[in-house]
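Peer 1: Supplied in structure tokens, the structure appears directly below.
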2 protein chains.
Amino acid sequence: MNLSERAAGIQASPIRKLKPYDDAARLKGIKVYHLNIGQPDIETPDEMLQVYSNYQDKILAYGPAQGLDEYRTNLVKYYQKHGIMLDRESIIITTAGSEAIIFAMLVTCNPGDEIIIPEPFYTNYNGFATIAGIKIVPLTTKAEEGFKLPDDEAIEALITPRTKAIMICNPGNPTGAVYPREDLLRLSEIVQQNNLYVISDEVYREFVYDGLTHTSIMEIPGLEKNAIMVDSISKRYSACGARIGCFITQNKEIIAATLKFAQARLCPPTIDQLAANAAIDIEEEYFDKILKEYDKRRNLVFRELQKVEGIICKKPQGAFYIIAKLPIADAEKFIIWMLSEFSVDNETVMFAPAEGFYATPGLGKDEIRLAYVLNEAALLKAMNIFRKGLEEYRKNQ
Amino acid sequence: MNLSERAAGIQASPIRKLKPYDDAARLKGIKVYHLNIGQPDIETPDEMLQVYSNYQDKILAYGPAQGLDEYRTNLVKYYQKHGIMLDRESIIITTAGSEAIIFAMLVTCNPGDEIIIPEPFYTNYNGFATIAGIKIVPLTTKAEEGFKLPDDEAIEALITPRTKAIMICNPGNPTGAVYPREDLLRLSEIVQQNNLYVISDEVYREFVYDGLTHTSIMEIPGLEKNAIMVDSISKRYSACGARIGCFITQNKEIIAATLKFAQARLCPPTIDQLAANAAIDIEEEYFDKILKEYDKRRNLVFRELQKVEGIICKKPQGAFYIIAKLPIADAEKFIIWMLSEFSVDNETVMFAPAEGFYATPGLGKDEIRLAYVLNEAALLKAMNIFRKGLEEYRKNQ
């Protein structure tokens with residue numbers, strides 16, 4: 001009796017595999033600053049938490065497969081505020097962004113079909129691709145260029161008869177890159193000319209800096225049949241544990257088929273949807289405040305990174321991640337060394353090795369991803385430990 | 001640009017497709033008794049609801065991919081009470097039973113592989129099979145025989161080189177059948193001899209009547225490598241909207257691979273897990289009371305069904321469903337007619353057509369599934385309307 005090939009082949013999380021070193025450090029009494037995962041330290045809005053406190057129904061019942069009508073209706077208003085015009089029937093509520101991505105892959109691709117994705121990309125796309133039996137074709141972007149979208153020729157060179165979609169994450173995890181409107185217009189031309197879907201993961205929509213405005217794939221005219229957007233409240237409202245996301249498209253055939261996948265699993269969590277619904281009326285000031293906070297952190301981390309000789313890193317404009325190319329051969333070894341053998345005043349710091357975010361073998365081996373999800377004081381300490389550690393590590397190489 | 005073949009091919013829910021007739025009836029001001037779906041009218045235990053009210057954390061954070069440690073530890077105790085000996089590492093918490101079933105299919109089967117399932121079966125297994133790209137091979141069971149598990153020869157005749165697992169639902173939805181220990185021992189022999197997995201959906205564990213004791217697949221010796229159990233709190237605690245289930249196996253290779261699928265989607269809902277955890281200490285009296293209530297309903301529905309001439313229906317011993325074979329050709333037509341053209345004092349009743357629970361074409365066309373999820377007074381009214389409707393309908397045929 002064997003495991004299925006997909007079970008044998010599914011990628012182990014490149015972030016979670018370092019957990020044992022993290023645990024071992026803590027057992028030795030060392031405090032670890034976790035810049036390795038995207039769990040924000042921002043408080044979940046009271047408006048959401050109160051929904052749990054105030055829940056009055058006596059039966060915690062199934063909701064509709066497409067999500068609660070009330071929530072879907074309010075989401076239309078939320079997207080309007082962001083310049084995205086939709087009707088309620090274009091929205092299916094999902095169990096977090098994860099499920100929305102799986103649905104998008106299942107509904108657009110047959111097993112063996114290909115989706116082009118700029119790399120480095122969110123590593124769990126690999127797991128979803130394994131579930132859906134599809135092949136991710138990486139479109140390499142570079143630290144030196146701020147991970148900008150490559151030119152048309154580079155994208156078109158990857159299109160084969162099996163290509164069904166181009167998938168982007170905008171603003172990008174793990175890159176922090178924000179695609180300008182021109183890039184989305186370029187993509188729009190390519191997908192229309194080649195009869196492809198474009199799947200846009202926009203869960204970091206609110207997290208753009210430097211006065212930029214985020215452009216959604218749903219704002220690009222002419223993509224009504226091609227565009228699928230996936231979204232999630234996890235980062236937006238620091239509500240990762242609620243597991244509420246959504247799948248959006250104006251393609252009626254796609255929405256009808258996706259609803260059938262949604263019906264099979266009955267419904268997303270009911271009270272968590274009510275909490276997500278309560279978040280929609282949160283004032284813009286909430287985001288202004290959070291954005292200012294993240295912006296300060298971004299500036300701090302970037303400034304501290306710049307102090308390292310030989311580092312390659314453009315300042316990212318979105319999300320809350322930075323990828324830095326280090327002047328060492330193997331970033332994972334360095335991260336393990338930091339956890340196992342280095343500390344300053346009994347404190348050390350943990351990053352994610354960036355190699356796991358690339359599909360092309362060998363790429364990203366010298367890169368780390370930092371999530372700036374701690375306050376400034378903690379970040380400053382962490383960055384100092386990082387610099388000292390890197391210096392020490394390079395001496396021993 | 002086409003839908004994927006699986007999106008074009010996924011089964012539309014045979015239950016939900018009658019929703020428009022239901023809506024139309026209500027718009028005409030007709031009250032519809034819903035015996036068509038398994039949404040219990042039992043109240044969710046206060047112990048669970050209080051967890052939502054009392055949630056104090058300021059950040060609704062991710063939990064571990066395998067579920068909260070505290071909850072998994074307590075589940076070990078829950079299963080012990082049911083004679084099922086496990087350690088915590090055998091348990092992965094899932095987003096409802098649905099996700100556990102998808103994981104079980106993904107981890108045991110390659111695309112195109114086969115799972116043998118007694119029919120009629122829970123119709124959403126079809127959707128999960130589409131997601132996993134596997135083929136369900138139906139093992140026909142019969143209303144006349146109380147949907148008992150067929151003999152060894154009938155089962156073995158369906159095994160091919162592509163068969164990877166036999167999947168059962170025990171107690172059964174939609175049949176209400178409870179497999180005695182002897183049947184599980186027979187199955188155990190077959191799966192061991194043929195090197196197969198056995199996947200057991202036991203979400204109705206508590207719902208067995210007539211003084212029976214439920215036997216879990218996990219109690220059968222020698223199946224440590226073969227057995228996978230899927231479970232859910234939806235029906236147990238009338239908490240369908242919490243979306244908490246679990247995937248259990250003592251096969252370490254399977255649990256390790258399944259964890260990778262679980263890591264891709266990060267975690268199940270956090271507060272809902274805390275609520276599920278609080279339910280574990282609920283006294284046995286809670287179930288005694290509920291079971292008595294369901295037992296009364298079962299007796300009532302069965303008694304009322306027996307009054308119909310030509311009906312074929314054995315008294316089921318588990319879950320809260322009954323399948324009845326009616327003396328008509330097309331049960332779906334009859335159900336639509338009941339919703340569209342028949343009422344008594346402005347009231348009518350809705351069932352699920354059983355055809356959708358069969359994979360063999362043509363089977364179940366004359367059968368309905370009743371979920372006895374309403375109180376006795378409502379059930380009695382519903383059953384009277386049903387009998388009058390059936391009489392009237394048969395006159396017009």
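Going through the structure tokens in order, the chains are called A, B, and so on, while each chain numbers its residues from 1 and the ligands are numbered from 1 in the order shown.
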Give me, as JSON lines, each residue of chain B that comes within 6 Å of chain A, together with its shortest interatomic pair and the distance in Å at one decimal, counting only C-alpha atoms, with rows ordered by chain and rising residue number.
Peer 2:
```
{"residue": "B:Met1", "atom": "CA", "partner": "A:Asn195", "partner_atom": "CA", "distance": 5.6}
{"residue": "B:Leu3", "atom": "CA", "partner": "A:Thr108", "partner_atom": "CA", "distance": 5.6}
{"residue": "B:Ser4", "atom": "CA", "partner": "A:Cys109", "partner_atom": "CA", "distance": 5.0}
{"residue": "B:Ala7", "atom": "CA", "partner": "A:Val107", "partner_atom": "CA", "distance": 5.0}
{"residue": "B:Ala12", "atom": "CA", "partner": "A:Lys260", "partner_atom": "CA", "distance": 5.8}
{"residue": "B:Glu43", "atom": "CA", "partner": "A:Ile59", "partner_atom": "CA", "distance": 4.9}
{"residue": "B:Thr44", "atom": "CA", "partner": "A:Ile59", "partner_atom": "CA", "distance": 5.0}
{"residue": "B:Tyr52", "atom": "CA", "partner": "A:Tyr52", "partner_atom": "CA", "distance": 4.9}
{"residue": "B:Ser53", "atom": "CA", "partner": "A:Ser53", "partner_atom": "CA", "distance": 3.6}
{"residue": "B:Lys58", "atom": "CA", "partner": "A:Glu43", "partner_atom": "CA", "distance": 5.5}
{"residue": "B:Ile59", "atom": "CA", "partner": "A:Glu43", "partner_atom": "CA", "distance": 4.9}
{"residue": "B:Leu60", "atom": "CA", "partner": "A:Ala239", "partner_atom": "CA", "distance": 4.9}
{"residue": "B:Ala61", "atom": "CA", "partner": "A:Gly241", "partner_atom": "CA", "distance": 4.6}
{"residue": "B:Tyr62", "atom": "CA", "partner": "A:Gly241", "partner_atom": "CA", "distance": 4.5}
{"residue": "B:Ser98", "atom": "CA", "partner": "A:Arg265", "partner_atom": "CA", "distance": 5.4}
{"residue": "B:Val107", "atom": "CA", "partner": "A:Ala7", "partner_atom": "CA", "distance": 5.0}
{"residue": "B:Thr108", "atom": "CA", "partner": "A:Ser4", "partner_atom": "CA", "distance": 5.1}
{"residue": "B:Cys109", "atom": "CA", "partner": "A:Ser4", "partner_atom": "CA", "distance": 5.0}
{"residue": "B:Asn110", "atom": "CA", "partner": "A:Ser4", "partner_atom": "CA", "distance": 5.2}
{"residue": "B:Asn124", "atom": "CA", "partner": "A:Ala264", "partner_atom": "CA", "distance": 4.9}
{"residue": "B:Gly127", "atom": "CA", "partner": "A:Ala264", "partner_atom": "CA", "distance": 5.3}
{"residue": "B:Asn195", "atom": "CA", "partner": "A:Met1", "partner_atom": "CA", "distance": 5.6}
{"residue": "B:Ala239", "atom": "CA", "partner": "A:Leu60", "partner_atom": "CA", "distance": 4.9}
{"residue": "B:Cys240", "atom": "CA", "partner": "A:Ala61", "partner_atom": "CA", "distance": 5.1}
{"residue": "B:Gly241", "atom": "CA", "partner": "A:Tyr62", "partner_atom": "CA", "distance": 4.5}
{"residue": "B:Ala242", "atom": "CA", "partner": "A:Pro269", "partner_atom": "CA", "distance": 5.3}
{"residue": "B:Arg243", "atom": "CA", "partner": "A:Pro269", "partner_atom": "CA", "distance": 5.5}
{"residue": "B:Ala257", "atom": "CA", "partner": "A:Ala7", "partner_atom": "CA", "distance": 5.5}
{"residue": "B:Lys260", "atom": "CA", "partner": "A:Ala12", "partner_atom": "CA", "distance": 5.7}
{"residue": "B:Ala264", "atom": "CA", "partner": "A:Asn124", "partner_atom": "CA", "distance": 4.9}
{"residue": "B:Arg265", "atom": "CA", "partner": "A:Ser98", "partner_atom": "CA", "distance": 5.4}
{"residue": "B:Pro269", "atom": "CA", "partner": "A:Ala242", "partner_atom": "CA", "distance": 5.3}
{"residue": "B:Thr270", "atom": "CA", "partner": "A:Gly241", "partner_atom": "CA", "distance": 4.9}
```
Peer 1: Using DSSP on the backbone, list every residue of stretch 18-116 of chain B that comes out as strand (DSSP E or B), and give them as a PyMOL selection string.
Peer 2: chain B and resi 31-34+91-95+114-116
Peer 1: Produce a file of the selected residues containing N, CA and C atoms, as an mmCIF file, in the first residue's frame.
Peer 2:
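Saved result, part-v7.cif, follows:
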```cif
data_model
loop_
_atom_site.group_PDB
_atom_site.id
_atom_site.type_symbol
_atom_site.label_atom_id
_atom_site.label_comp_id
_atom_site.auth_asym_id
_atom_site.auth_seq_id
_atom_site.Cartn_x
_atom_site.Cartn_y
_atom_site.Cartn_z
ATOM 1 N N LYS B 31 -46.235 27.114 3.561
ATOM 2 C CA LYS B 31 -45.212 26.688 4.509
ATOM 3 C C LYS B 31 -44.669 25.328 4.072
ATOM 4 N N VAL B 32 -43.351 25.228 4.001
ATOM 5 C CA VAL B 32 -42.725 23.974 3.557
ATOM 6 C C VAL B 32 -42.011 23.309 4.735
ATOM 7 N N TYR B 33 -42.396 22.076 5.056
ATOM 8 C CA TYR B 33 -41.648 21.289 6.055
ATOM 9 C C TYR B 33 -40.432 20.692 5.360
ATOM 10 N N HIS B 34 -39.268 21.068 5.848
ATOM 11 C CA HIS B 34 -38.035 20.645 5.169
ATOM 12 C C HIS B 34 -37.467 19.365 5.763
ATOM 13 N N ILE B 91 -4.064 12.603 14.819
ATOM 14 C CA ILE B 91 -5.226 13.466 14.550
ATOM 15 C C ILE B 91 -4.805 14.762 13.853
ATOM 16 N N ILE B 92 -5.445 15.065 12.737
ATOM 17 C CA ILE B 92 -5.313 16.381 12.105
ATOM 18 C C ILE B 92 -6.699 17.020 12.067
ATOM 19 N N ILE B 93 -6.800 18.209 12.643
ATOM 20 C CA ILE B 93 -8.092 18.906 12.628
ATOM 21 C C ILE B 93 -8.303 19.493 11.225
ATOM 22 N N THR B 94 -9.530 19.354 10.730
ATOM 23 C CA THR B 94 -9.834 19.808 9.372
ATOM 24 C C THR B 94 -10.984 20.810 9.376
ATOM 25 N N THR B 95 -11.112 21.502 8.253
ATOM 26 C CA THR B 95 -12.249 22.390 8.074
ATOM 27 C C THR B 95 -13.441 21.514 7.691
ATOM 28 N N GLU B 114 -9.457 4.261 -8.129
ATOM 29 C CA GLU B 114 -10.850 3.958 -7.785
ATOM 30 C C GLU B 114 -11.052 3.745 -6.284
ATOM 31 N N ILE B 115 -12.172 4.226 -5.801
ATOM 32 C CA ILE B 115 -12.597 3.940 -4.429
ATOM 33 C C ILE B 115 -13.981 3.291 -4.508
ATOM 34 N N ILE B 116 -14.107 2.144 -3.847
ATOM 35 C CA ILE B 116 -15.395 1.439 -3.810
ATOM 36 C C ILE B 116 -16.229 2.024 -2.664
#
```
Peer 1: As a ChimeraX atom specification, list the residues of stretch 152-333 of chain B assigned to helix (DSSP H, G or I) by DSSP on the backbone atoms of this structure.
Peer 2: /B:152-156,181-193,217-219,240-242,252-264,270-279,284-306,331-333
Peer 1: Any idea what the distance is between atom CA of B:Pro221 and atom CA of B:Ile255?
Peer 2: 18.7 Å
Peer 1: Would you pick out the contacts of B:Ile312 at 12 Å or less, using only C-alpha atoms, so that residues sharing its chain but fewer than 5 positions from it are not included, and give the list as an MDAnalysis selection string?
Peer 2: chainID B and resid 142:147 302 305:307 322:328 364 366:368
Peer 1: Write out as a count of residues only the residues lying within 12 Å of B:Gln193, counting only C-alpha atoms and excluding same-chain residues fewer than 3 positions away.
Peer 2: 14
Peer 1: Report, in Å to a single decimal, how far apart atom CA of A:Ala177 and atom CA of A:Ile155 are.
Peer 2: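 Computing it gives 17.2 Å between the two atoms.
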Peer 1: Kindly give the distance, in Å, that separates atom CA of A:Tyr71 and atom CA of B:Lys17, rounded to a single decimal.
Peer 2: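 Pair atom CA of A:Tyr71 / atom CA of B:Lys17 returns 23.1 Å.
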Peer 1: Of the candidates A:Leu149, A:Glu304, A:Val373, A:Leu139, which one gets nearest to A:Leu185 if we count only C-alpha atoms?
Peer 2: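 For A:Leu185, the nearest of the candidates is A:Leu149.
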Peer 1: Fewer than 5 positions away in the same chain doesn't count, so skip those; otherwise give me all residues within 12 Å of A:Asn375, counting only C-alpha atoms, as a JSON list (two decimals) with N, CA and C atoms, in the first residue's frame.
Peer 2:
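Output below, filename result_12.json:
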```
[["chain", "number", "residue", "atom", "x", "y", "z"],
["A", 33, "TYR", "N", 13.18, 36.30, 17.61],
["A", 33, "TYR", "CA", 12.34, 37.27, 16.90],
["A", 33, "TYR", "C", 11.89, 36.62, 15.60],
["A", 34, "HIS", "N", 10.59, 36.47, 15.46],
["A", 34, "HIS", "CA", 10.06, 35.74, 14.29],
["A", 34, "HIS", "C", 9.73, 36.69, 13.15],
["A", 35, "LEU", "N", 10.66, 36.82, 12.24],
["A", 35, "LEU", "CA", 10.38, 37.58, 11.02],
["A", 35, "LEU", "C", 10.15, 36.60, 9.87],
["A", 40, "PRO", "N", 0.54, 38.86, 11.57],
["A", 40, "PRO", "CA", 0.70, 40.24, 12.05],
["A", 40, "PRO", "C", 0.47, 40.34, 13.56],
["A", 41, "ASP", "N", 1.13, 41.32, 14.17],
["A", 41, "ASP", "CA", 0.95, 41.59, 15.60],
["A", 41, "ASP", "C", -0.13, 42.64, 15.83],
["A", 42, "ILE", "N", -0.76, 43.12, 14.74],
["A", 42, "ILE", "CA", -1.81, 44.14, 14.83],
["A", 42, "ILE", "C", -3.06, 43.51, 15.44],
["A", 290, "ILE", "N", -2.78, 51.66, 10.55],
["A", 290, "ILE", "CA", -2.00, 50.43, 10.35],
["A", 290, "ILE", "C", -0.94, 50.64, 9.28],
["A", 292, "LYS", "N", 0.49, 53.39, 8.35],
["A", 292, "LYS", "CA", 1.59, 54.21, 8.89],
["A", 292, "LYS", "C", 2.54, 53.36, 9.71],
["A", 293, "GLU", "N", 1.96, 52.47, 10.50],
["A", 293, "GLU", "CA", 2.76, 51.60, 11.34],
["A", 293, "GLU", "C", 3.65, 50.69, 10.47],
["A", 294, "TYR", "N", 3.03, 50.05, 9.48],
["A", 294, "TYR", "CA", 3.82, 49.15, 8.62],
["A", 294, "TYR", "C", 4.86, 49.94, 7.83],
["A", 295, "ASP", "N", 4.49, 51.15, 7.42],
["A", 295, "ASP", "CA", 5.43, 51.96, 6.63],
["A", 295, "ASP", "C", 6.67, 52.27, 7.46],
["A", 296, "LYS", "N", 6.48, 52.62, 8.73],
["A", 296, "LYS", "CA", 7.63, 52.88, 9.60],
["A", 296, "LYS", "C", 8.52, 51.64, 9.71],
["A", 297, "ARG", "N", 7.88, 50.51, 9.83],
["A", 297, "ARG", "CA", 8.63, 49.26, 9.94],
["A", 297, "ARG", "C", 9.40, 48.96, 8.66],
["A", 298, "ARG", "N", 8.71, 49.17, 7.54],
["A", 298, "ARG", "CA", 9.35, 48.94, 6.24],
["A", 298, "ARG", "C", 10.59, 49.81, 6.12],
["A", 300, "LEU", "N", 12.36, 51.14, 8.48],
["A", 300, "LEU", "CA", 13.37, 50.69, 9.42],
["A", 300, "LEU", "C", 14.12, 49.47, 8.89],
["A", 301, "VAL", "N", 13.37, 48.47, 8.48],
["A", 301, "VAL", "CA", 14.00, 47.23, 8.02],
["A", 301, "VAL", "C", 14.86, 47.50, 6.79],
["A", 380, "LEU", "N", 14.15, 46.61, 15.43],
["A", 380, "LEU", "CA", 15.49, 47.19, 15.50],
["A", 380, "LEU", "C", 16.45, 46.22, 16.17],
["A", 381, "LYS", "N", 16.01, 45.63, 17.27],
["A", 381, "LYS", "CA", 16.83, 44.61, 17.94],
["A", 381, "LYS", "C", 17.11, 43.45, 16.99],
["A", 382, "ALA", "N", 16.06, 42.99, 16.33],
["A", 382, "ALA", "CA", 16.21, 41.83, 15.43],
["A", 382, "ALA", "C", 17.20, 42.13, 14.31]]
```
Peer 1: Counting only C-alpha atoms, which residue out of B:Ile217, B:Ala154, B:Ala319, B:Phe386 sits closest to B:Val203?
Peer 2: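 That would be B:Ala319, the residue with the smallest distance to B:Val203.
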